[in-house]
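Chemist: Quick one: this structure, given as structure tokens, is what I'll be asking you about.
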Amino acid sequence: MFADPRWSEALARLPDYLGSHVRVSMTALALGLAISLPLALLVYRKPTARTFLLGVTSIVQTVPGLALLALFYPLLLALSALTANAFGVSFSAFGFLPSVLALALYSMLPVARNTITGLLEIDPALKEAADGVGMTPRQSLTMVELPLAMPVIMAGIRTAAVWVIGTATLSTPIGQNSLGNYIFAGLQTQNWVFVLFGCVAAALLALAVDQLLALIETGLRFRSRARMWSGAIGLLVLLLATLTPSFSQSRAAYTVGAKTFTEQYVLAALLGQRLEAAGLSAAPREGLGSSVIFEALARNDIDVYVDYTGTLWANQLKRTDIKPREQLLDELRTALAERWKVKVLGVLGFENAYALVMPRRRAEEFGIRSAADLAARSGSMTIAGDYEFFSRPEWAALRGAYGLNFRQQRQMQPDFMYAAVASGDVDVIAGYTSDGLIAKYDLVALSDPKRAIPPYDAIVLVSPKRANDAVLLQAIEPLIGKIDIATMRDANLRAAEPGNTPATTARWLWEKIGKR
């Protein structure tokens, strides 16, 4: 089983992903404790204030973890721009900082609740005794109440730690490496080894931290210094062990970005392999959202990635007019350079456009060949798209151009959509023209006669700080113009086959195009 390259690749990435996961979780937990403990101590004697604190922290828990993490990215991005304009100082809103802040908020409720509960449940006679011997309220708190409440407080810290470690797996889309990278990548590429590996690793980490904190808790409960020190030293060893990979990584490493679908993982692996073949150190940053990844590139948080002209035209430039392919590319190249100092290195050679896709048999049965033909029947049909599609300008343009009005809209993992439409769970999907799953499931992409959707040529983008990096540009240049649509479809199919990974598929892709 472990001869499967998916296991070896998963193990090879473990030091980086585990180390990043521990660091962001521990930092967030420490920040959450630093905020929630003092607040709980300030309000526990004041009924109105403690009700307000517990109410606010409870509301935070009702916000889905991924939404809370994603919310901090644009907020910090705006704050960074504000500080840059006002003081000439900016900071990265990508990855670590938004993850820490969101996870810290998630940790506050169990700590605040258990601190307040532990202090309120202390026998009043003990407090009276402390008053009777002349202790001040501060002395009573620090010498009597807190020691007695500490086991309950530690139970809250244990709960917070497990919540934070679990939720940290959702930080991948905003640029924070974590054990969630396995899960996001595995779901997108149908690599169930990665999904299983990520889930088990995150669970084992949560259990390990929980048990080490349990040692501290029982040490406090039974006044055993040996248990307390064992737990504390164990946590310190875990943290120090995960710091090692970050120190060993080269500061000169190039960061390669990828969005959250199979093709992007393959292309990111291919870019990384070309950089390494040129003697450069490459580190992946995968599973990023469309807006997040471009902002990360423009702010030099990543160095290079592949995007699509139509996506940039509609989302970054906010353009709704459709230009001929070459004109659109020229205008886009100029706009990216002038506004963001981003370099368009070149076109890879294929287009990955959004297209409405349905089973070939049903399309022929109803005589549907284009989006215009589909409009008359859309009211009785269900459409599925990826997580971004229905909020993108392209969807609004399609609806406006053809009068599409589907009975229901559903969001799915991109690779799952094809099986869903083939099995009849949905009638139509917003697929990708370069996806080999269209042929695998005998589907057909409907034409767009009104050109509501712009061209989507795959282009290599380079960050401002790397725009004149001759070594990087020379390493990637051999890819320009070499990947046609048929080759990319084959690569996407291979990546989803058992035993293949984006890395092995990328090596196959290079062998194929390197001969041209």
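Letters for chains follow the order of the structure tokens (A, B, ...), residue numbers begin at 1 for each chain, and ligand numbers begin at 1 in the order shown.
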I'd like the contact shell of range 371-373 of chain A - 10 Å cut-off, only C-alpha atoms, skipping same-chain residues fewer than 6 positions apart - returned as a list in words.
Modeler: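 The residues that qualify are Ala355, Leu356, Val357, Ala363, Leu398, Arg399, Ala401, Tyr402, Gly403, Leu404, Ala445, Leu446, Ser447, Asp448, Pro449, Lys450 and Ala452 of chain A.
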Chemist: Write out as JSON, numbers by chain all residues of range 76-311 of chain A that backbone DSSP assigns to alpha helix (DSSP H).
Modeler: {"A": [76, 77, 78, 79, 80, 81, 82, 83, 84, 85, 86, 87, 96, 97, 98, 99, 100, 101, 102, 103, 104, 105, 106, 107, 108, 109, 110, 111, 112, 113, 114, 115, 116, 117, 118, 119, 120, 124, 125, 126, 127, 128, 129, 130, 131, 132, 137, 138, 139, 140, 146, 147, 148, 149, 150, 151, 152, 153, 154, 155, 156, 157, 158, 159, 160, 161, 162, 163, 164, 165, 166, 167, 180, 181, 182, 183, 184, 185, 186, 187, 188, 189, 192, 193, 194, 195, 196, 197, 198, 199, 200, 201, 202, 203, 204, 205, 206, 207, 208, 209, 210, 211, 212, 213, 214, 215, 216, 217, 218, 219, 220, 221, 225, 226, 227, 228, 229, 230, 231, 232, 233, 234, 235, 236, 237, 238, 239, 240, 241, 242, 243, 244, 245, 246, 247, 248, 262, 263, 264, 265, 266, 267, 268, 269, 270, 271, 272, 273, 274, 275, 276, 277, 290, 291, 292, 293, 294, 295, 296, 297, 298, 309, 310, 311]}
Chemist: For a quick check of understanding, using only C-alpha atoms, which of A:Leu280, A:Ala10, A:Val209, A:Ala93 has the smallest distance to Ile293 in chain A?
Modeler: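 Between A:Leu280, A:Ala10, A:Val209, A:Ala93, the residue approaching Ile293 in chain A most closely is A:Ala93.
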Chemist: If you run DSSP on the backbone here, which positions in range 232-386 of chain A get strand (DSSP E or B)? Please write them as a count of residues only.
Modeler: 38
Chemist: Rounded to one decimal place, report the CA of Leu297 in chain A-CA of Ser463 in chain A distance in Å.
Modeler: 5.2 Å
Chemist: Could you list, as a PyMOL selection string, every residue within 10 Å of Gly257 in chain A, counting only C-alpha atoms and ignoring same-chain residues fewer than 6 positions away?
Modeler: chain A and resi 175+264-265+267-269+271-272+283-288+293-294+296-297+301-307
Chemist: My list of candidates is A:Trp340, A:Phe87, A:Trp192, A:Tyr432. Which is closest to Gly385 in chain A when distances are computed with only C-alpha atoms?
Modeler: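 Looking only at the distances to Gly385 in chain A, the closest residue turns out to be A:Tyr432.
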Chemist: Could you tell me which of A:Gly156, A:Pro5, A:Pro15, A:Pro137 comes closest to Thr117 in chain A if we count only C-alpha atoms?
Modeler: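 Ranked by minimum distance to Thr117 in chain A, first place goes to A:Gly156.
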Chemist: Give me, as a list of chain:residue names, all polymer residues having an atom no more than 10 Å from Leu33 in chain A, counting only C-alpha atoms and skipping those fewer than 2 positions away in the same chain.
Modeler: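 Using only C-alpha atoms, the neighbours found are A:Thr27, A:Ala28, A:Leu29, A:Ala30, A:Leu31, A:Ile35, A:Ser36, A:Leu37, A:Pro38, A:Leu39, A:Ala104, A:Leu105, A:Ser107, A:Met108, A:Val111, A:Ala112, A:Ile157, A:Ala160.
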Chemist: Export, as a CSV table (one decimal), in the first residue's frame, the selected residues with N, CA and C atoms.
Modeler:
chain,number,residue,atom,x,y,z
A,27,THR,N,-0.5,29.8,18.3
A,27,THR,CA,-0.5,31.2,18.4
A,27,THR,C,-1.9,31.7,18.6
A,28,ALA,N,-2.9,31.2,17.9
A,28,ALA,CA,-4.3,31.6,18.0
A,28,ALA,C,-4.8,31.3,19.4
A,29,LEU,N,-4.4,30.1,19.9
A,29,LEU,CA,-4.9,29.7,21.3
A,29,LEU,C,-4.3,30.6,22.3
A,30,ALA,N,-3.0,30.9,22.2
A,30,ALA,CA,-2.4,31.9,23.1
A,30,ALA,C,-3.0,33.2,23.1
A,31,LEU,N,-3.3,33.7,21.9
A,31,LEU,CA,-4.0,35.0,21.8
A,31,LEU,C,-5.4,35.0,22.4
A,35,ILE,N,-6.8,37.2,25.7
A,35,ILE,CA,-7.9,38.1,25.6
A,35,ILE,C,-9.1,37.6,26.5
A,36,SER,N,-9.4,36.4,26.4
A,36,SER,CA,-10.6,35.9,27.1
A,36,SER,C,-10.4,35.7,28.6
A,37,LEU,N,-9.3,35.3,29.1
A,37,LEU,CA,-9.1,35.1,30.5
A,37,LEU,C,-9.2,36.5,31.3
A,38,PRO,N,-8.5,37.5,30.9
A,38,PRO,CA,-8.6,38.8,31.6
A,38,PRO,C,-10.1,39.3,31.5
A,39,LEU,N,-10.7,39.2,30.4
A,39,LEU,CA,-12.1,39.7,30.3
A,39,LEU,C,-13.0,38.9,31.2
A,104,ALA,N,-8.4,32.7,17.0
A,104,ALA,CA,-8.4,33.3,18.4
A,104,ALA,C,-9.8,33.6,18.9
A,105,LEU,N,-10.6,34.2,18.0
A,105,LEU,CA,-12.0,34.4,18.3
A,105,LEU,C,-12.8,33.1,18.6
A,107,SER,N,-11.6,30.5,19.9
A,107,SER,CA,-11.2,29.9,21.2
A,107,SER,C,-11.8,30.6,22.4
A,108,MET,N,-12.4,31.7,22.2
A,108,MET,CA,-12.7,32.5,23.4
A,108,MET,C,-13.9,32.0,24.2
A,111,VAL,N,-13.1,29.2,26.9
A,111,VAL,CA,-12.2,29.7,28.0
A,111,VAL,C,-13.0,30.7,28.9
A,112,ALA,N,-13.7,31.6,28.3
A,112,ALA,CA,-14.5,32.6,29.1
A,112,ALA,C,-15.6,31.9,29.9
A,157,ILE,N,-9.9,25.3,28.4
A,157,ILE,CA,-8.7,25.5,27.5
A,157,ILE,C,-8.5,24.3,26.6
A,160,ALA,N,-11.1,24.5,23.9
A,160,ALA,CA,-10.7,25.5,22.9
A,160,ALA,C,-9.6,25.0,22.0
Chemist: Env of Arg360 in chain A: 9 Å cut, atoms = only C-alpha atoms, seq-sep filter 4 positions within chain, self excluded. Answer as a PyMOL selection string.
Modeler: chain A and resi 364-365+442-445
Chemist: Which residues, written as JSON, numbers by chain, have at least one atom at most 12 Å from Gly166 in chain A, with only C-alpha atoms counted and residues fewer than 3 positions away on the same chain left out?
Modeler: {"A": [21, 22, 24, 25, 65, 66, 103, 106, 107, 159, 160, 161, 162, 163, 169, 170, 171, 178, 179, 180, 198, 199, 200, 201, 202, 203, 204, 205, 206, 207, 209, 210]}
Chemist: For a test of reading the model, state the distance in Å between CA of Trp510 in chain A and CA of Leu196 in chain A, rounded to one decimal.
Modeler: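 So the two atoms, CA of Trp510 in chain A and CA of Leu196 in chain A, lie 28.7 Å apart.
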Chemist: Determine, counting only C-alpha atoms, which protein, DNA and RNA residues have an atom within 8 Å of an atom of Ile383 in chain A; residues of the same chain fewer than 2 positions away are not included. Present the result as a ChimeraX atom specification.
Modeler: /A:381,385,406,408-410,426-430
Chemist: Could you dump the residues just selected with N, CA and C atoms as a CSV table (one decimal), in the first residue's frame?
Modeler:
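Ended up saving to result05.csv:
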chain,number,residue,atom,x,y,z
A,381,MET,N,-35.3,22.9,-14.8
A,381,MET,CA,-34.0,22.2,-14.6
A,381,MET,C,-33.3,22.8,-13.4
A,385,GLY,N,-22.9,24.5,-9.9
A,385,GLY,CA,-21.7,25.2,-10.2
A,385,GLY,C,-20.7,25.1,-9.0
A,406,PHE,N,-33.2,29.0,-13.9
A,406,PHE,CA,-33.2,27.6,-13.5
A,406,PHE,C,-34.1,27.5,-12.2
A,408,GLN,N,-33.5,25.5,-9.7
A,408,GLN,CA,-32.7,25.5,-8.5
A,408,GLN,C,-31.2,25.6,-8.9
A,409,GLN,N,-30.5,26.2,-8.0
A,409,GLN,CA,-29.0,26.3,-8.1
A,409,GLN,C,-28.4,25.6,-7.0
A,410,ARG,N,-27.4,24.8,-7.3
A,410,ARG,CA,-26.7,24.0,-6.3
A,410,ARG,C,-25.2,24.2,-6.4
A,426,VAL,N,-28.4,16.5,-11.1
A,426,VAL,CA,-28.6,17.8,-11.6
A,426,VAL,C,-28.8,17.7,-13.1
A,427,ASP,N,-29.3,18.7,-13.7
A,427,ASP,CA,-29.6,18.7,-15.2
A,427,ASP,C,-28.4,19.3,-16.0
A,428,VAL,N,-27.9,20.4,-15.4
A,428,VAL,CA,-26.8,21.2,-16.1
A,428,VAL,C,-25.8,21.6,-15.1
A,429,ILE,N,-24.5,21.7,-15.5
A,429,ILE,CA,-23.5,22.2,-14.7
A,429,ILE,C,-22.7,23.3,-15.4
A,430,ALA,N,-22.1,24.2,-14.6
A,430,ALA,CA,-21.1,25.1,-15.1
A,430,ALA,C,-19.8,24.5,-15.1
